[in-house]
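Chemist: Here it is, the structure, as structure tokens.
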Amino acid sequence: MKKVLLSMAAIAMIFTSCSENENEISQDQTNVDMSDFYVYTDADIDESSRSANSKSCYSMVNLNRQLNLNPGLEKKMYDVEYHTRKLIAGKGKPPGTGGGGSGGGSGDSDVDVLPIDDNLGVINIPVYVHVVYADANSISNSQIQSQINVLNSDFSNTNVNQLPSGTTFENDATNAGFQFTLAGTFRHNDSRSSWGTNDAVKSAYPPVTPETHLNIWVCNIGGGILGYAQFPGGNSSTDGIVVGGDYFGVTSGVYGGGRTTTHEIGHYFNLRHIWGDGRCNRDDFVADTPKSDRSNGGCPTYPTVHCKDADMTMNYMDYTYDSCMYMFTDGQRNRMRAIFAPGGARASMVGS
Ligand SMILES: [Zn+2]
């Protein structure tokens, strides 16, 4: 009998500690709904089935690979997301909603999101470029500078593209408030003809002070892949983005406008693809971008409707031609800048 009583006491203690834990969690998440958070996607299948002539970014494929290699990464990314949503919920309330700043996003393109006032001003991003080719001078200084110029244009909303007439997105394009400066160029003569998407080029030529600098590797990736990025929360030894030389800076062709780098930096700043790499119920965690169940290519006419709403095909985080990409939204701006706020995953870059 004594033994039974002891067991019951032990069980009671377990129940007590469990319920205390639950209280803690539910209290902590009062303002932050993380129920739609995801990290793994079907990108491995989606990207490999894409035709060689269409745009392909391997950031989500690389993320799947990194998640498998590093069991702690999912938790780190959850924490980054939690911090982002908490900050936006506190400071970026959509007007007329009475609060909430929906980190999960409603998927409604008519949602108006206010830019958060984060007191960070224009955030300067110093950039190191690693050119890795058999002839490392094949990417000229002027090509590199042309890329910096495109970034400064795209992230301040002063580019020359125009929205297709009749869209409902005219008021959503925003100045994200970032400025990029070239801090240095490293040229590596290397005869390897393609580097793939498994971070091999980063192992061969490690990033330089990734805590304070954006590192960009320019090399031939192979397989028709334009680029890939590492999301905030990943290992610093592989932090940065990789872009194929044909798509870096102002070159030629439909992806020659320098916007592959804009797109990859979007990921590096914590933006997901605008269609959420899934079906209609998968969001990109941004309230003022419409939901979609697929990427768009080429230069689509408006409206291109999926998931009952017109897709924002002209957003930098879709797969359209460079000349048909136009904008980040206020919701995307808030999400990117949250990474640089105190406690954010890239806060160490501010003021560097
Ligand atoms: Zn991408």
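Identifiers for the structure tokens are assigned positionally: chains receive A, B, ... in sequence, residues are indexed from 1 per chain, and ligands are indexed from 1 in the order shown.
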List the neighbours of A:Pro232 out to 9 Å using only C-alpha atoms; skip same-chain residues closer than 2 positions along the sequence, and give me the result as a list in words.
Modeler: Lys76, Met77, Val80, Gln230, Gly234, Asn235, Asp239, His267, Tyr268, Phe269, Asn270, Ile339, Ala345 and Arg346 of chain A
Chemist: Those selected residues, please, written with N, CA and C atoms and delivered as a PDB file, in the first residue's frame.
Modeler:
ATOM      1  N   LYS A  76      16.561  26.826 -33.589  1.00  0.00           N
ATOM      2  CA  LYS A  76      17.121  28.173 -33.762  1.00  0.00           C
ATOM      3  C   LYS A  76      16.228  29.010 -34.666  1.00  0.00           C
ATOM      4  N   MET A  77      15.766  28.404 -35.746  1.00  0.00           N
ATOM      5  CA  MET A  77      14.915  29.148 -36.684  1.00  0.00           C
ATOM      6  C   MET A  77      13.556  29.461 -36.059  1.00  0.00           C
ATOM      7  N   VAL A  80      14.185  32.492 -33.959  1.00  0.00           N
ATOM      8  CA  VAL A  80      14.284  33.683 -34.814  1.00  0.00           C
ATOM      9  C   VAL A  80      12.885  34.138 -35.220  1.00  0.00           C
ATOM     10  N   GLN A 230      21.502  31.452 -47.288  1.00  0.00           N
ATOM     11  CA  GLN A 230      21.311  30.844 -45.964  1.00  0.00           C
ATOM     12  C   GLN A 230      20.435  31.766 -45.127  1.00  0.00           C
ATOM     13  N   GLY A 234      21.339  30.088 -39.167  1.00  0.00           N
ATOM     14  CA  GLY A 234      22.236  29.033 -39.626  1.00  0.00           C
ATOM     15  C   GLY A 234      23.653  29.213 -39.113  1.00  0.00           C
ATOM     16  N   ASN A 235      24.492  28.256 -39.452  1.00  0.00           N
ATOM     17  CA  ASN A 235      25.884  28.252 -38.999  1.00  0.00           C
ATOM     18  C   ASN A 235      26.673  29.410 -39.618  1.00  0.00           C
ATOM     19  N   ASP A 239      27.517  31.191 -43.664  1.00  0.00           N
ATOM     20  CA  ASP A 239      26.550  32.280 -43.788  1.00  0.00           C
ATOM     21  C   ASP A 239      26.836  33.141 -45.010  1.00  0.00           C
ATOM     22  N   HIS A 267      16.044  36.236 -48.787  1.00  0.00           N
ATOM     23  CA  HIS A 267      16.106  35.028 -47.940  1.00  0.00           C
ATOM     24  C   HIS A 267      17.080  35.227 -46.768  1.00  0.00           C
ATOM     25  N   TYR A 268      18.239  35.782 -47.082  1.00  0.00           N
ATOM     26  CA  TYR A 268      19.277  36.024 -46.058  1.00  0.00           C
ATOM     27  C   TYR A 268      18.730  36.931 -44.951  1.00  0.00           C
ATOM     28  N   PHE A 269      17.768  37.803 -45.330  1.00  0.00           N
ATOM     29  CA  PHE A 269      17.093  38.681 -44.371  1.00  0.00           C
ATOM     30  C   PHE A 269      15.821  38.035 -43.813  1.00  0.00           C
ATOM     31  N   ASN A 270      15.619  36.743 -44.076  1.00  0.00           N
ATOM     32  CA  ASN A 270      14.518  35.955 -43.476  1.00  0.00           C
ATOM     33  C   ASN A 270      13.206  35.971 -44.237  1.00  0.00           C
ATOM     34  N   ILE A 339      15.095  41.342 -38.015  1.00  0.00           N
ATOM     35  CA  ILE A 339      16.313  40.542 -37.840  1.00  0.00           C
ATOM     36  C   ILE A 339      17.460  41.406 -37.301  1.00  0.00           C
ATOM     37  N   ALA A 345      18.642  38.054 -35.080  1.00  0.00           N
ATOM     38  CA  ALA A 345      19.709  37.145 -35.496  1.00  0.00           C
ATOM     39  C   ALA A 345      20.863  37.849 -36.200  1.00  0.00           C
ATOM     40  N   ARG A 346      20.606  39.016 -36.787  1.00  0.00           N
ATOM     41  CA  ARG A 346      21.676  39.753 -37.463  1.00  0.00           C
ATOM     42  C   ARG A 346      21.905  41.133 -36.830  1.00  0.00           C
TER      43      ARG A 346
END
Chemist: Using only C-alpha atoms and all ligand atoms, find each residue with an atom at most 10 Å away from ligand 1 and format the answer as a PDB file with N, CA and C atoms, in the first residue's frame.
Modeler:
ATOM      1  N   LYS A  55      13.434  29.707 -63.885  1.00  0.00           N
ATOM      2  CA  LYS A  55      14.221  30.199 -62.760  1.00  0.00           C
ATOM      3  C   LYS A  55      14.254  29.165 -61.638  1.00  0.00           C
ATOM      4  N   SER A  56      15.378  29.029 -61.002  1.00  0.00           N
ATOM      5  CA  SER A  56      15.466  28.094 -59.894  1.00  0.00           C
ATOM      6  C   SER A  56      16.396  28.634 -58.823  1.00  0.00           C
ATOM      7  N   CYS A  57      15.834  28.765 -57.625  1.00  0.00           N
ATOM      8  CA  CYS A  57      16.604  29.187 -56.452  1.00  0.00           C
ATOM      9  C   CYS A  57      16.635  27.996 -55.508  1.00  0.00           C
ATOM     10  N   TYR A  58      17.803  27.649 -55.023  1.00  0.00           N
ATOM     11  CA  TYR A  58      17.923  26.439 -54.204  1.00  0.00           C
ATOM     12  C   TYR A  58      18.029  26.737 -52.707  1.00  0.00           C
ATOM     13  N   SER A  59      17.529  27.878 -52.277  1.00  0.00           N
ATOM     14  CA  SER A  59      17.623  28.214 -50.855  1.00  0.00           C
ATOM     15  C   SER A  59      16.850  27.228 -49.982  1.00  0.00           C
ATOM     16  N   MET A  60      15.647  26.827 -50.421  1.00  0.00           N
ATOM     17  CA  MET A  60      14.855  25.907 -49.602  1.00  0.00           C
ATOM     18  C   MET A  60      15.413  24.484 -49.660  1.00  0.00           C
ATOM     19  N   VAL A  61      15.982  24.127 -50.804  1.00  0.00           N
ATOM     20  CA  VAL A  61      16.634  22.812 -50.904  1.00  0.00           C
ATOM     21  C   VAL A  61      17.833  22.772 -49.964  1.00  0.00           C
ATOM     22  N   LEU A 226      20.218  29.541 -60.299  1.00  0.00           N
ATOM     23  CA  LEU A 226      20.659  30.934 -60.286  1.00  0.00           C
ATOM     24  C   LEU A 226      21.374  31.309 -58.988  1.00  0.00           C
ATOM     25  N   GLY A 227      20.874  30.781 -57.865  1.00  0.00           N
ATOM     26  CA  GLY A 227      21.490  31.158 -56.600  1.00  0.00           C
ATOM     27  C   GLY A 227      20.877  30.428 -55.428  1.00  0.00           C
ATOM     28  N   TYR A 228      21.489  30.598 -54.260  1.00  0.00           N
ATOM     29  CA  TYR A 228      20.886  30.109 -53.017  1.00  0.00           C
ATOM     30  C   TYR A 228      21.443  30.904 -51.849  1.00  0.00           C
ATOM     31  N   ALA A 229      20.647  30.958 -50.791  1.00  0.00           N
ATOM     32  CA  ALA A 229      21.005  31.767 -49.624  1.00  0.00           C
ATOM     33  C   ALA A 229      20.891  30.948 -48.352  1.00  0.00           C
ATOM     34  N   THR A 260      18.499  38.407 -59.048  1.00  0.00           N
ATOM     35  CA  THR A 260      18.727  37.146 -58.334  1.00  0.00           C
ATOM     36  C   THR A 260      19.358  37.454 -56.976  1.00  0.00           C
ATOM     37  N   THR A 261      20.297  38.378 -56.957  1.00  0.00           N
ATOM     38  CA  THR A 261      20.949  38.743 -55.697  1.00  0.00           C
ATOM     39  C   THR A 261      19.965  39.437 -54.755  1.00  0.00           C
ATOM     40  N   THR A 262      19.095  40.281 -55.308  1.00  0.00           N
ATOM     41  CA  THR A 262      18.047  40.904 -54.486  1.00  0.00           C
ATOM     42  C   THR A 262      17.189  39.832 -53.821  1.00  0.00           C
ATOM     43  N   HIS A 263      16.780  38.846 -54.608  1.00  0.00           N
ATOM     44  CA  HIS A 263      15.938  37.738 -54.114  1.00  0.00           C
ATOM     45  C   HIS A 263      16.679  36.941 -53.031  1.00  0.00           C
ATOM     46  N   GLU A 264      17.941  36.605 -53.291  1.00  0.00           N
ATOM     47  CA  GLU A 264      18.692  35.792 -52.320  1.00  0.00           C
ATOM     48  C   GLU A 264      18.943  36.561 -51.025  1.00  0.00           C
ATOM     49  N   ILE A 265      19.195  37.846 -51.131  1.00  0.00           N
ATOM     50  CA  ILE A 265      19.368  38.641 -49.909  1.00  0.00           C
ATOM     51  C   ILE A 265      18.041  38.706 -49.146  1.00  0.00           C
ATOM     52  N   GLY A 266      16.923  38.700 -49.881  1.00  0.00           N
ATOM     53  CA  GLY A 266      15.622  38.594 -49.218  1.00  0.00           C
ATOM     54  C   GLY A 266      15.582  37.375 -48.298  1.00  0.00           C
ATOM     55  N   HIS A 267      16.044  36.236 -48.787  1.00  0.00           N
ATOM     56  CA  HIS A 267      16.106  35.028 -47.940  1.00  0.00           C
ATOM     57  C   HIS A 267      17.080  35.227 -46.768  1.00  0.00           C
ATOM     58  N   TYR A 268      18.239  35.782 -47.082  1.00  0.00           N
ATOM     59  CA  TYR A 268      19.277  36.024 -46.058  1.00  0.00           C
ATOM     60  C   TYR A 268      18.730  36.931 -44.951  1.00  0.00           C
ATOM     61  N   LEU A 271      13.206  36.359 -45.508  1.00  0.00           N
ATOM     62  CA  LEU A 271      11.980  36.251 -46.291  1.00  0.00           C
ATOM     63  C   LEU A 271      11.871  34.860 -46.907  1.00  0.00           C
ATOM     64  N   ARG A 272      10.648  34.304 -46.870  1.00  0.00           N
ATOM     65  CA  ARG A 272      10.382  33.063 -47.589  1.00  0.00           C
ATOM     66  C   ARG A 272       9.929  33.398 -49.006  1.00  0.00           C
ATOM     67  N   HIS A 273       9.850  32.375 -49.857  1.00  0.00           N
ATOM     68  CA  HIS A 273       9.261  32.589 -51.181  1.00  0.00           C
ATOM     69  C   HIS A 273       7.819  33.055 -51.008  1.00  0.00           C
ATOM     70  N   ILE A 274       7.369  33.880 -51.948  1.00  0.00           N
ATOM     71  CA  ILE A 274       6.072  34.526 -51.760  1.00  0.00           C
ATOM     72  C   ILE A 274       4.915  33.538 -51.782  1.00  0.00           C
ATOM     73  N   ASP A 277       6.265  28.016 -50.673  1.00  0.00           N
ATOM     74  CA  ASP A 277       6.791  26.683 -51.007  1.00  0.00           C
ATOM     75  C   ASP A 277       5.815  25.569 -50.625  1.00  0.00           C
ATOM     76  N   TYR A 316       9.834  40.621 -55.482  1.00  0.00           N
ATOM     77  CA  TYR A 316      11.188  40.066 -55.647  1.00  0.00           C
ATOM     78  C   TYR A 316      11.287  38.611 -55.194  1.00  0.00           C
ATOM     79  N   MET A 317      10.346  38.159 -54.358  1.00  0.00           N
ATOM     80  CA  MET A 317      10.444  36.806 -53.828  1.00  0.00           C
ATOM     81  C   MET A 317       9.648  35.787 -54.642  1.00  0.00           C
ATOM     82  N   ASP A 318       9.183  36.191 -55.861  1.00  0.00           N
ATOM     83  CA  ASP A 318       8.638  35.218 -56.810  1.00  0.00           C
ATOM     84  C   ASP A 318       9.763  34.831 -57.779  1.00  0.00           C
ATOM     85  N   TYR A 319       9.424  34.125 -58.861  1.00  0.00           N
ATOM     86  CA  TYR A 319      10.433  33.627 -59.810  1.00  0.00           C
ATOM     87  C   TYR A 319      10.344  34.299 -61.182  1.00  0.00           C
TER      88      TYR A 319
END
Chemist: Applying 9 Å and only C-alpha atoms, which residues near stretch 279-282 of chain A remain after dropping the ones on its own chain fewer than 2 positions away? List them as a VMD selection string.
Modeler: chain A and resid 36 38 275 to 277 284 to 285 291 to 294 306 to 307
Chemist: Between A:Ala43, A:Ala183, A:Leu120, A:Val129, which is the closest to A:Val243 once you count only C-alpha atoms?
Modeler: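 Nearest candidate to A:Val243 out of A:Ala43, A:Ala183, A:Leu120, A:Val129: A:Val129.
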Chemist: Stretch 49-269 of chain A: which residues are strand (DSSP E or B) by DSSP, as an MDAnalysis selection string?
Modeler: chainID A and resid 57 123:133 178:189 214:219 227:229 241:244 250 257
Chemist: I need the residues from that last selection saved to file as an mmCIF file, in the first residue's frame (with C-alpha atoms), if you can.
Modeler:
data_model
loop_
_atom_site.group_PDB
_atom_site.id
_atom_site.type_symbol
_atom_site.label_atom_id
_atom_site.label_comp_id
_atom_site.auth_asym_id
_atom_site.auth_seq_id
_atom_site.Cartn_x
_atom_site.Cartn_y
_atom_site.Cartn_z
ATOM 1 C CA CYS A 57 16.604 29.187 -56.452
ATOM 2 C CA ILE A 123 20.644 49.937 -42.221
ATOM 3 C CA ASN A 124 24.058 49.747 -43.886
ATOM 4 C CA ILE A 125 25.166 46.312 -45.060
ATOM 5 C CA PRO A 126 28.900 45.971 -45.834
ATOM 6 C CA VAL A 127 29.443 43.368 -48.542
ATOM 7 C CA TYR A 128 32.359 41.052 -49.291
ATOM 8 C CA VAL A 129 32.341 39.480 -52.756
ATOM 9 C CA HIS A 130 34.268 36.263 -53.425
ATOM 10 C CA VAL A 131 34.770 35.647 -57.139
ATOM 11 C CA VAL A 132 35.589 31.979 -57.769
ATOM 12 C CA TYR A 133 36.352 31.143 -61.398
ATOM 13 C CA PHE A 178 18.795 49.138 -46.525
ATOM 14 C CA GLN A 179 21.985 50.446 -48.098
ATOM 15 C CA PHE A 180 24.785 48.219 -49.400
ATOM 16 C CA THR A 181 28.462 49.135 -49.673
ATOM 17 C CA LEU A 182 31.233 47.052 -51.174
ATOM 18 C CA ALA A 183 33.747 46.364 -48.401
ATOM 19 C CA GLY A 184 36.100 44.179 -50.426
ATOM 20 C CA THR A 185 36.523 41.729 -53.290
ATOM 21 C CA PHE A 186 38.414 38.445 -53.020
ATOM 22 C CA ARG A 187 39.404 36.803 -56.279
ATOM 23 C CA HIS A 188 40.154 33.081 -56.305
ATOM 24 C CA ASN A 189 41.425 31.365 -59.452
ATOM 25 C CA LEU A 214 27.265 39.923 -45.950
ATOM 26 C CA ASN A 215 29.424 37.440 -47.901
ATOM 27 C CA ILE A 216 28.505 36.766 -51.534
ATOM 28 C CA TRP A 217 30.182 33.984 -53.506
ATOM 29 C CA VAL A 218 30.023 34.435 -57.291
ATOM 30 C CA CYS A 219 30.707 31.174 -59.100
ATOM 31 C CA GLY A 227 21.490 31.158 -56.600
ATOM 32 C CA TYR A 228 20.886 30.109 -53.017
ATOM 33 C CA ALA A 229 21.005 31.767 -49.624
ATOM 34 C CA ILE A 241 24.608 33.837 -50.436
ATOM 35 C CA VAL A 242 25.854 32.196 -53.620
ATOM 36 C CA VAL A 243 24.995 33.598 -57.073
ATOM 37 C CA GLY A 244 25.891 32.366 -60.554
ATOM 38 C CA VAL A 250 23.757 43.823 -64.738
ATOM 39 C CA GLY A 257 19.043 42.586 -64.169
#
Chemist: Identify, on the basis of only C-alpha atoms, every residue whose closest approach to A:Pro206 does not exceed 8 Å; exclude the query and any residue fewer than 3 positions from it along the same chain; express the result as number ranges by chain.
Modeler: A: 201-203, 237-238
Chemist: Give me the residues near A:Ser51 as a list of chain:residue names, where near means some atom within 12 Å (using only C-alpha atoms) and where sequence neighbours in that chain fewer than 2 positions away do not count.
Modeler: A:Asp46, A:Glu47, A:Ser48, A:Ser49, A:Asn53, A:Ser54, A:Lys55, A:Ser56, A:Gly223, A:Gly224, A:Ile225, A:Gly297
Chemist: Taking 6 positions as the minimum chain separation for residues in the same chain, which residues sit within 10 Å of A:Glu74 when counting only C-alpha atoms? Answer as a PyMOL selection string.
Modeler: chain A and resi 38-40+63+66-68+80+233-234
Chemist: If you take only C-alpha atoms and a cut-off of 7 Å, which residues of stretch 212-265 of chain A touch stretch 142-148 of chain A, and what are their nearest atom pairs and distances in Å to one decimal, in chain and number order, as JSON lines?
Modeler:
{"residue": "A:Phe248", "atom": "CA", "partner": "A:Gln147", "partner_atom": "CA", "distance": 6.4}
{"residue": "A:Gly249", "atom": "CA", "partner": "A:Gln147", "partner_atom": "CA", "distance": 3.7}
{"residue": "A:Val250", "atom": "CA", "partner": "A:Ser146", "partner_atom": "CA", "distance": 5.8}
{"residue": "A:Gly258", "atom": "CA", "partner": "A:Gln147", "partner_atom": "CA", "distance": 5.8}
Chemist: Could you please write out, as a PyMOL selection string, every residue of stretch 123-212 of chain A that DSSP assigns to alpha helix (DSSP H)?
Modeler: chain A and resi 141-154+200-204
Chemist: Find, counting only C-alpha atoms, the residue in A:Asp33, A:Asp246, A:Asp112, A:Glu211 that gets nearest to A:Arg85.
Modeler: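 Closest to A:Arg85 of all the choices is A:Asp33.
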Chemist: If we count only C-alpha atoms, what is near A:Ser348 at a cut-off of 9 Å, once residues fewer than 4 positions away on the same chain are taken out, given as a ChimeraX atom specification?
Modeler: /A:211-212,340,342,344,352
Chemist: Produce a file of the selected residues containing C-alpha atoms, as a JSON list (two decimals), in the first residue's frame.
Modeler:
[["chain", "number", "residue", "atom", "x", "y", "z"],
["A", 211, "GLU", "CA", 28.88, 38.40, -38.06],
["A", 212, "THR", "CA", 29.29, 41.89, -39.46],
["A", 340, "PHE", "CA", 18.46, 43.64, -37.17],
["A", 342, "PRO", "CA", 18.12, 44.24, -30.63],
["A", 344, "GLY", "CA", 17.64, 39.77, -33.71],
["A", 352, "SER", "CA", 29.42, 47.76, -38.23]]
Chemist: Between A:Tyr78, A:Phe328, A:Trp195, A:Tyr321, which one has atoms that come closest to A:Val286, using only C-alpha atoms?
Modeler: A:Phe328
Chemist: Please report the interatomic distance between atom CA of A:Ile221 and atom CA of A:Ser193 in Å with one decimal.
Modeler: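 These atoms are spaced 8.4 Å apart.
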